[in-house]
file coords-v8.txt (compact mmCIF, C-alpha atoms)
# COMPACT_ATOMS: atom_id res chain seq x y z
CA MET A 1 22.68 -3.12 20.16
CA THR A 2 26.23 -2.93 21.50
CA THR A 3 27.44 0.04 23.51
CA GLY A 4 31.02 0.03 22.20
CA VAL A 5 33.80 0.08 24.79
CA ALA A 6 36.93 1.97 23.71
CA MET A 7 39.80 -0.24 22.60
CA GLU A 8 43.43 0.40 23.50
CA LEU A 9 46.30 -0.83 21.33
CA VAL A 10 48.82 -2.71 23.46
CA ARG A 11 52.04 -4.54 22.60
CA LEU A 12 52.84 -7.74 24.42
CA PRO A 13 56.22 -9.48 24.58
CA ALA A 14 56.18 -13.12 23.49
CA GLY A 15 59.63 -14.66 23.50
CA SER A 16 61.66 -12.74 20.93
CA ALA A 17 58.51 -11.32 19.30
CA ALA A 18 56.29 -8.35 20.14
CA LEU A 19 52.58 -8.96 19.49
CA GLU A 20 49.90 -6.33 18.95
CA ALA A 21 46.51 -6.55 20.63
CA ASP A 22 43.38 -4.49 21.15
CA LEU A 23 42.34 -4.36 24.81
CA ALA A 24 38.91 -3.26 25.98
CA ILE A 25 37.94 -3.15 29.64
CA PRO A 26 34.32 -2.18 30.40
CA PRO A 27 33.55 -0.51 33.74
CA ASN A 28 33.54 -3.04 36.57
CA ALA A 29 34.72 -5.85 34.31
CA ARG A 30 34.31 -9.26 35.93
CA GLY A 31 36.44 -11.35 33.60
CA LEU A 32 38.74 -11.22 30.58
CA VAL A 33 38.42 -13.12 27.30
CA VAL A 34 41.54 -13.49 25.13
CA PHE A 35 40.80 -14.06 21.43
CA ALA A 36 42.97 -16.48 19.45
CA HIS A 37 42.44 -15.89 15.75
CA GLY A 38 42.74 -18.61 13.18
CA SER A 39 44.03 -19.27 9.70
CA GLY A 40 44.77 -16.07 7.81
CA SER A 41 42.93 -13.89 10.33
CA GLY A 42 43.89 -11.40 13.03
CA ARG A 43 42.62 -8.94 15.57
CA HIS A 44 40.75 -6.92 12.92
CA SER A 45 38.44 -9.85 12.09
CA PRO A 46 34.94 -8.31 11.91
CA ARG A 47 33.41 -11.53 13.23
CA ASN A 48 35.56 -11.68 16.35
CA ARG A 49 35.25 -7.93 16.90
CA TYR A 50 31.49 -8.35 16.89
CA VAL A 51 31.65 -11.20 19.40
CA ALA A 52 34.01 -9.10 21.52
CA SER A 53 31.57 -6.19 21.56
CA VAL A 54 28.80 -8.48 22.83
CA LEU A 55 31.07 -9.81 25.59
CA GLN A 56 32.01 -6.25 26.55
CA ASP A 57 28.33 -5.38 26.86
CA ALA A 58 28.00 -8.40 29.14
CA GLY A 59 30.65 -6.95 31.46
CA LEU A 60 33.69 -8.86 30.23
CA GLY A 61 37.01 -7.41 29.14
CA THR A 62 38.41 -8.57 25.79
CA LEU A 63 41.91 -8.87 24.37
CA LEU A 64 41.94 -9.29 20.58
CA LEU A 65 45.43 -10.63 20.02
CA ASP A 66 47.50 -11.03 16.87
CA LEU A 67 49.39 -14.27 17.43
CA LEU A 68 51.79 -13.47 14.58
CA THR A 69 53.98 -10.42 14.02
CA PRO A 70 53.35 -8.33 10.86
CA ARG A 71 56.38 -9.95 9.21
CA GLU A 72 55.16 -13.44 10.11
CA GLU A 73 51.67 -12.59 8.85
CA ALA A 74 53.11 -11.51 5.50
CA ALA A 75 55.07 -14.75 5.21
CA ASP A 76 52.01 -16.77 6.23
CA ARG A 77 49.87 -15.16 3.51
CA GLN A 78 52.38 -16.38 0.95
CA THR A 79 53.19 -19.82 2.34
CA GLY A 80 50.79 -20.72 5.18
CA VAL A 81 53.90 -21.61 7.18
CA PHE A 82 52.66 -20.32 10.55
CA ARG A 83 48.90 -20.85 10.63
CA PHE A 84 49.17 -24.56 11.45
CA ASP A 85 52.07 -24.17 13.87
CA ILE A 86 49.75 -24.83 16.80
CA ARG A 87 52.56 -25.11 19.35
CA LEU A 88 53.87 -21.66 18.43
CA LEU A 89 50.40 -20.13 18.61
CA ALA A 90 49.69 -21.82 21.95
CA SER A 91 53.00 -20.66 23.43
CA ARG A 92 52.13 -17.10 22.50
CA LEU A 93 48.71 -17.43 24.09
CA LEU A 94 50.42 -18.55 27.28
CA ASP A 95 52.79 -15.59 27.06
CA SER A 96 49.77 -13.30 26.75
CA LEU A 97 48.28 -14.91 29.85
CA ASP A 98 51.48 -14.11 31.75
CA ASP A 99 51.41 -10.54 30.40
CA CYS A 100 47.86 -10.11 31.68
CA ARG A 101 48.95 -11.22 35.14
CA ARG A 102 51.58 -8.49 35.15
CA ASP A 103 49.00 -5.78 34.35
CA ALA A 104 47.45 -4.34 37.50
CA ARG A 105 44.15 -3.75 35.67
CA LEU A 106 43.87 -7.39 34.63
CA ARG A 107 45.71 -9.58 37.12
CA GLU A 108 42.68 -10.29 39.30
CA LEU A 109 40.27 -11.05 36.44
CA PRO A 110 39.43 -14.69 35.68
CA VAL A 111 40.49 -15.48 32.10
CA GLY A 112 38.92 -17.43 29.25
CA PHE A 113 40.05 -18.10 25.68
CA PHE A 114 37.91 -17.65 22.57
CA GLY A 115 39.41 -19.46 19.59
CA ALA A 116 38.42 -19.51 15.93
CA SER A 117 39.62 -22.00 13.31
CA THR A 118 43.22 -23.02 14.13
CA GLY A 119 43.16 -20.55 17.02
CA ALA A 120 40.77 -22.93 18.79
CA ALA A 121 43.41 -25.67 18.71
CA ALA A 122 45.98 -23.25 20.11
CA ALA A 123 43.56 -22.28 22.89
CA LEU A 124 43.00 -25.93 23.84
CA LEU A 125 46.71 -26.73 23.74
CA ALA A 126 47.35 -23.75 26.03
CA ALA A 127 44.51 -24.84 28.31
CA ALA A 128 46.06 -28.29 28.63
CA ALA A 129 49.39 -26.72 29.58
CA ARG A 130 47.99 -24.22 32.10
CA PRO A 131 44.71 -25.55 33.55
CA ASP A 132 45.05 -23.57 36.77
CA GLY A 133 45.40 -20.25 34.94
CA LEU A 134 42.30 -20.53 32.80
CA ARG A 135 38.59 -20.82 33.53
CA ALA A 136 36.95 -21.57 30.15
CA VAL A 137 37.44 -22.06 26.41
CA VAL A 138 34.98 -21.31 23.58
CA SER A 139 35.63 -22.40 19.99
CA ARG A 140 33.85 -20.79 17.00
CA GLY A 141 34.00 -22.92 13.88
CA GLY A 142 37.25 -24.25 15.28
CA ARG A 143 39.65 -27.08 14.56
CA PRO A 144 39.99 -28.59 18.04
CA ASP A 145 41.20 -31.81 16.42
CA LEU A 146 44.51 -30.06 15.67
CA ALA A 147 45.22 -30.02 19.41
CA GLY A 148 45.75 -33.77 18.99
CA GLY A 149 47.17 -35.54 22.01
CA ALA A 150 46.53 -32.54 24.28
CA LEU A 151 42.75 -33.04 24.22
CA PRO A 152 42.70 -35.68 27.01
CA ARG A 153 44.54 -33.13 29.17
CA VAL A 154 41.98 -30.35 28.68
CA PHE A 155 40.07 -30.09 31.96
CA VAL A 156 38.76 -26.51 31.70
CA PRO A 157 35.08 -26.08 30.73
CA THR A 158 34.95 -26.12 26.93
CA LEU A 159 32.23 -25.04 24.50
CA LEU A 160 32.46 -25.90 20.79
CA VAL A 161 30.15 -23.91 18.48
CA VAL A 162 29.76 -25.10 14.90
CA GLY A 163 27.45 -24.25 12.01
CA GLY A 164 24.94 -26.94 11.13
CA ASN A 165 25.90 -26.74 7.45
CA ASP A 166 29.63 -26.96 8.17
CA ALA A 167 29.58 -30.74 7.85
CA GLU A 168 33.30 -31.56 7.79
CA VAL A 169 34.18 -29.27 10.70
CA LEU A 170 31.14 -30.52 12.63
CA ALA A 171 32.37 -34.10 12.33
CA LEU A 172 35.86 -33.09 13.51
CA ASN A 173 34.33 -31.26 16.50
CA ARG A 174 32.19 -34.24 17.49
CA GLU A 175 35.25 -36.48 17.55
CA ALA A 176 37.35 -33.90 19.42
CA LEU A 177 34.62 -33.40 22.04
CA SER A 178 34.73 -37.10 22.87
CA ARG A 179 38.46 -36.80 23.64
CA ILE A 180 38.34 -33.64 25.78
CA ALA A 181 38.66 -34.58 29.44
CA ALA A 182 36.61 -31.71 30.90
CA THR A 183 33.49 -32.77 32.76
CA GLN A 184 31.81 -29.55 31.63
CA LYS A 185 31.90 -29.61 27.84
CA GLN A 186 29.33 -29.01 25.13
CA LEU A 187 28.94 -28.97 21.37
CA ARG A 188 26.35 -26.42 20.25
CA ILE A 189 25.18 -26.39 16.63
CA VAL A 190 23.85 -23.22 15.02
CA PRO A 191 21.19 -24.47 12.57
CA ARG A 192 21.67 -23.70 8.86
CA ALA A 193 24.91 -21.79 9.52
CA SER A 194 28.05 -22.30 7.45
CA HIS A 195 31.69 -22.05 8.50
CA LEU A 196 31.99 -18.26 8.98
CA PHE A 197 28.40 -17.81 10.29
CA PRO A 198 27.41 -15.17 7.69
CA GLU A 199 23.74 -16.14 7.76
CA PRO A 200 21.25 -13.71 9.39
CA GLY A 201 21.30 -14.17 13.16
CA ALA A 202 24.05 -16.83 13.14
CA LEU A 203 26.87 -14.73 14.57
CA GLU A 204 24.46 -13.25 17.10
CA GLU A 205 23.72 -16.79 18.28
CA VAL A 206 27.44 -17.58 18.55
CA SER A 207 27.90 -14.42 20.62
CA ARG A 208 24.98 -15.28 22.90
CA LEU A 209 26.30 -18.78 23.52
CA ALA A 210 29.81 -17.48 24.21
CA ALA A 211 28.54 -14.82 26.63
CA GLU A 212 26.53 -17.41 28.54
CA TRP A 213 29.46 -19.84 28.74
CA PHE A 214 31.97 -17.25 29.91
CA HIS A 215 29.61 -15.78 32.48
CA MET A 216 28.84 -19.21 33.83
CA HIS A 217 32.49 -20.20 34.19
CA LEU A 218 34.28 -16.87 34.70
CA VAL A 219 31.70 -15.03 36.75
CA GLY A 220 29.45 -17.80 38.02
CA GLU A 221 26.15 -16.38 36.79
CA HIS A 222 24.00 -15.93 33.70
CA PRO A 223 24.88 -12.75 31.75
CA ALA A 224 21.34 -11.44 32.25
CA ALA A 225 22.15 -11.09 35.94
CA HIS A 226 24.74 -8.45 35.01
CA ALA A 227 22.31 -6.35 32.97
CA VAL A 228 21.08 -3.05 34.42
call {"tool": "encode", "arguments": {"input": "coords-v8.txt", "output": "structure tokens"}}
result
Amino acid sequence: MTTGVAMELVRLPAGSAALEADLAIPPNARGLVVFAHGSGSGRHSPRNRYVASVLQDAGLGTLLLDLLTPREEAADRQTGVFRFDIRLLASRLLDSLDDCRRDARLRELPVGFFGASTGAAAALLAAAARPDGLRAVVSRGGRPDLAGGALPRVFVPTLLVVGGNDAEVLALNREALSRIAATQKQLRIVPRASHLFPEPGALEEVSRLAAEWFHMHLVGEHPAAHAV
């Protein structure tokens, strides 16, 4: 049962664009997780909002970020022109990281990225570009293969979570894992789960795995140690 930390709408500059995000900071937060949404999705994704609520209960702040402006989202729904522009999405993730460092509430918090679908590729591309500014990456049903040549330059601890019934994406994740340079990397398979993890208990398992990974690499402890 999640406690529900209040979310604040914030607007972040990213080059010539202004991006909207929902920020939640639980009391005594010990880290911050920035969510990179994937193909055709955004900060209102019920799946990522659920994962975010679990992370908040584990003492981590969350930033659910729209990587596209409303105008770009409308164009993408019609043409798909932006969703596979991984370099654009990664550059905006890096801009959000810089924005966090300018916010007095966030600048001291260790940061991780949580990416879904194409957002996972953007998170890994950003991690390769800024390894000293990031502590961990988690991918949910992601397309890490789309990070291409950046994978051998990803040194931050990386967790890939895939549904056991998501055969094509699972194969792509296995291959991508072999190319990621990080010494701390894992592929975790949620049995009998499909791509969006709608099966009973599947999203809860994703959330548990993500909370453990971020606590291990952002905070340096198991999330149970934070419980009161």
call {"tool": "closest_residue", "arguments": {"input": "coords-v8.txt", "among": "A:Ala116, A:Leu203, A:Leu32, A:Ala24", "to": "Val10 (chain A)", "atoms": "only C-alpha atoms"}}
result
A:Ala24
call {"tool": "atom_distance", "arguments": {"input": "coords-v8.txt", "atom1": "CA of Asn165 (chain A)", "atom2": "CA of Ser194 (chain A)"}}
result
4.9 Å
call {"tool": "atom_distance", "arguments": {"input": "coords-v8.txt", "atom1": "CA of Leu65 (chain A)", "atom2": "CA of Ile189 (chain A)"}}
result
25.9 Å
call {"tool": "atom_distance", "arguments": {"input": "coords-v8.txt", "atom1": "CA of Arg135 (chain A)", "atom2": "CA of Phe214 (chain A)"}}
result
8.3 Å
call {"tool": "closest_atom_pairs", "arguments": {"input": "coords-v8.txt", "of": "region 93-174 of chain A", "to": "region 56-62 of chain A", "cutoff": "10 Å", "atoms": "only C-alpha atoms", "output": "CSV"}}
result
residue,atom,partner,partner_atom,distance
A:Leu106,CA,A:Gly61,CA,8.8
A:Leu109,CA,A:Gly61,CA,8.8
A:Pro110,CA,A:Leu60,CA,9.8
A:Val111,CA,A:Gly61,CA,9.3
A:Gly112,CA,A:Thr62,CA,9.5
A:Phe113,CA,A:Thr62,CA,9.7
A:Phe114,CA,A:Thr62,CA,9.6
call {"tool": "residues_around", "arguments": {"input": "coords-v8.txt", "residues": "Pro152 (chain A)", "least_positions_apart": "2", "cutoff": "9 Å", "atoms": "only C-alpha atoms", "output": "PyMOL selection string"}}
result
chain A and resi 128+148-150+154-155+179-182
call {"tool": "closest_residue", "arguments": {"input": "coords-v8.txt", "among": "A:Asp95, A:Ala17, A:Arg107, A:Val169", "to": "Arg71 (chain A)", "atoms": "all atoms listed in the file"}}
result
A:Ala17
call {"tool": "residues_around", "arguments": {"input": "coords-v8.txt", "residues": "Arg192 (chain A)", "least_positions_apart": "5", "cutoff": "9 Å", "atoms": "only C-alpha atoms", "output": "PyMOL selection string"}}
result
chain A and resi 163-166+199+202
call {"tool": "closest_residue", "arguments": {"input": "coords-v8.txt", "among": "A:Ser207, A:Ser178, A:Ser96, A:Ser139", "to": "Gly115 (chain A)", "atoms": "all atoms listed in the file"}}
result
A:Ser139
call {"tool": "residues_around", "arguments": {"input": "coords-v8.txt", "residues": "region 42-47 of chain A", "least_positions_apart": "5", "cutoff": "9 Å", "atoms": "all atoms listed in the file", "output": "short mmCIF file (atom, residue, chain, number, x, y, z; two decimals) with C-alpha atoms, keeping the file's coordinate frame"}}
result
data_model
loop_
_atom_site.label_atom_id
_atom_site.label_comp_id
_atom_site.auth_asym_id
_atom_site.auth_seq_id
_atom_site.Cartn_x
_atom_site.Cartn_y
_atom_site.Cartn_z
CA GLU A 20 49.90 -6.33 18.95
CA ALA A 21 46.51 -6.55 20.63
CA ASP A 22 43.38 -4.49 21.15
CA PHE A 35 40.80 -14.06 21.43
CA ALA A 36 42.97 -16.48 19.45
CA HIS A 37 42.44 -15.89 15.75
CA ALA A 52 34.01 -9.10 21.52
CA LEU A 63 41.91 -8.87 24.37
CA LEU A 64 41.94 -9.29 20.58
CA LEU A 65 45.43 -10.63 20.02
CA ASP A 66 47.50 -11.03 16.87
CA LEU A 67 49.39 -14.27 17.43
CA LEU A 68 51.79 -13.47 14.58
CA GLU A 73 51.67 -12.59 8.85
CA LEU A 196 31.99 -18.26 8.98
CA PHE A 197 28.40 -17.81 10.29
CA PRO A 198 27.41 -15.17 7.69
CA LEU A 203 26.87 -14.73 14.57
#
call {"tool": "residues_around", "arguments": {"input": "coords-v8.txt", "residues": "Ser91 (chain A)", "least_positions_apart": "4", "cutoff": "10 Å", "atoms": "all atoms listed in the file", "output": "VMD selection string"}}
result
chain A and resid 14 to 15 67 86 to 87 95 to 97 122 to 123 125 to 126 129
call {"tool": "write_last_selection", "arguments": {"input": "coords-v8.txt", "atoms": "C-alpha atoms", "output": "PDB file, in the coordinates of the input"}}
result
ATOM      1  CA  ALA A  14      56.180 -13.120  23.490  1.00  0.00           C
ATOM      2  CA  GLY A  15      59.630 -14.660  23.500  1.00  0.00           C
ATOM      3  CA  LEU A  67      49.390 -14.270  17.430  1.00  0.00           C
ATOM      4  CA  ILE A  86      49.750 -24.830  16.800  1.00  0.00           C
ATOM      5  CA  ARG A  87      52.560 -25.110  19.350  1.00  0.00           C
ATOM      6  CA  ASP A  95      52.790 -15.590  27.060  1.00  0.00           C
ATOM      7  CA  SER A  96      49.770 -13.300  26.750  1.00  0.00           C
ATOM      8  CA  LEU A  97      48.280 -14.910  29.850  1.00  0.00           C
ATOM      9  CA  ALA A 122      45.980 -23.250  20.110  1.00  0.00           C
ATOM     10  CA  ALA A 123      43.560 -22.280  22.890  1.00  0.00           C
ATOM     11  CA  LEU A 125      46.710 -26.730  23.740  1.00  0.00           C
ATOM     12  CA  ALA A 126      47.350 -23.750  26.030  1.00  0.00           C
ATOM     13  CA  ALA A 129      49.390 -26.720  29.580  1.00  0.00           C
TER      14      ALA A 129
END
call {"tool": "residues_around", "arguments": {"input": "coords-v8.txt", "residues": "Ala6 (chain A)", "least_positions_apart": "4", "cutoff": "9 Å", "atoms": "all atoms listed in the file", "output": "tab-separated table (two decimals) with C-alpha atoms, keeping the file's coordinate frame"}}
result
chain	number	residue	atom	x	y	z
A	23	LEU	CA	42.34	-4.36	24.81
A	24	ALA	CA	38.91	-3.26	25.98
A	25	ILE	CA	37.94	-3.15	29.64
A	26	PRO	CA	34.32	-2.18	30.40
call {"tool": "closest_residue", "arguments": {"input": "coords-v8.txt", "among": "A:Arg208, A:Arg105, A:Arg140, A:Lys185", "to": "Arg30 (chain A)", "atoms": "all atoms listed in the file"}}
result
A:Arg105
call {"tool": "closest_residue", "arguments": {"input": "coords-v8.txt", "among": "A:Ala90, A:Val51, A:Pro27, A:Gln184", "to": "Glu205 (chain A)", "atoms": "all atoms listed in the file"}}
result
A:Val51
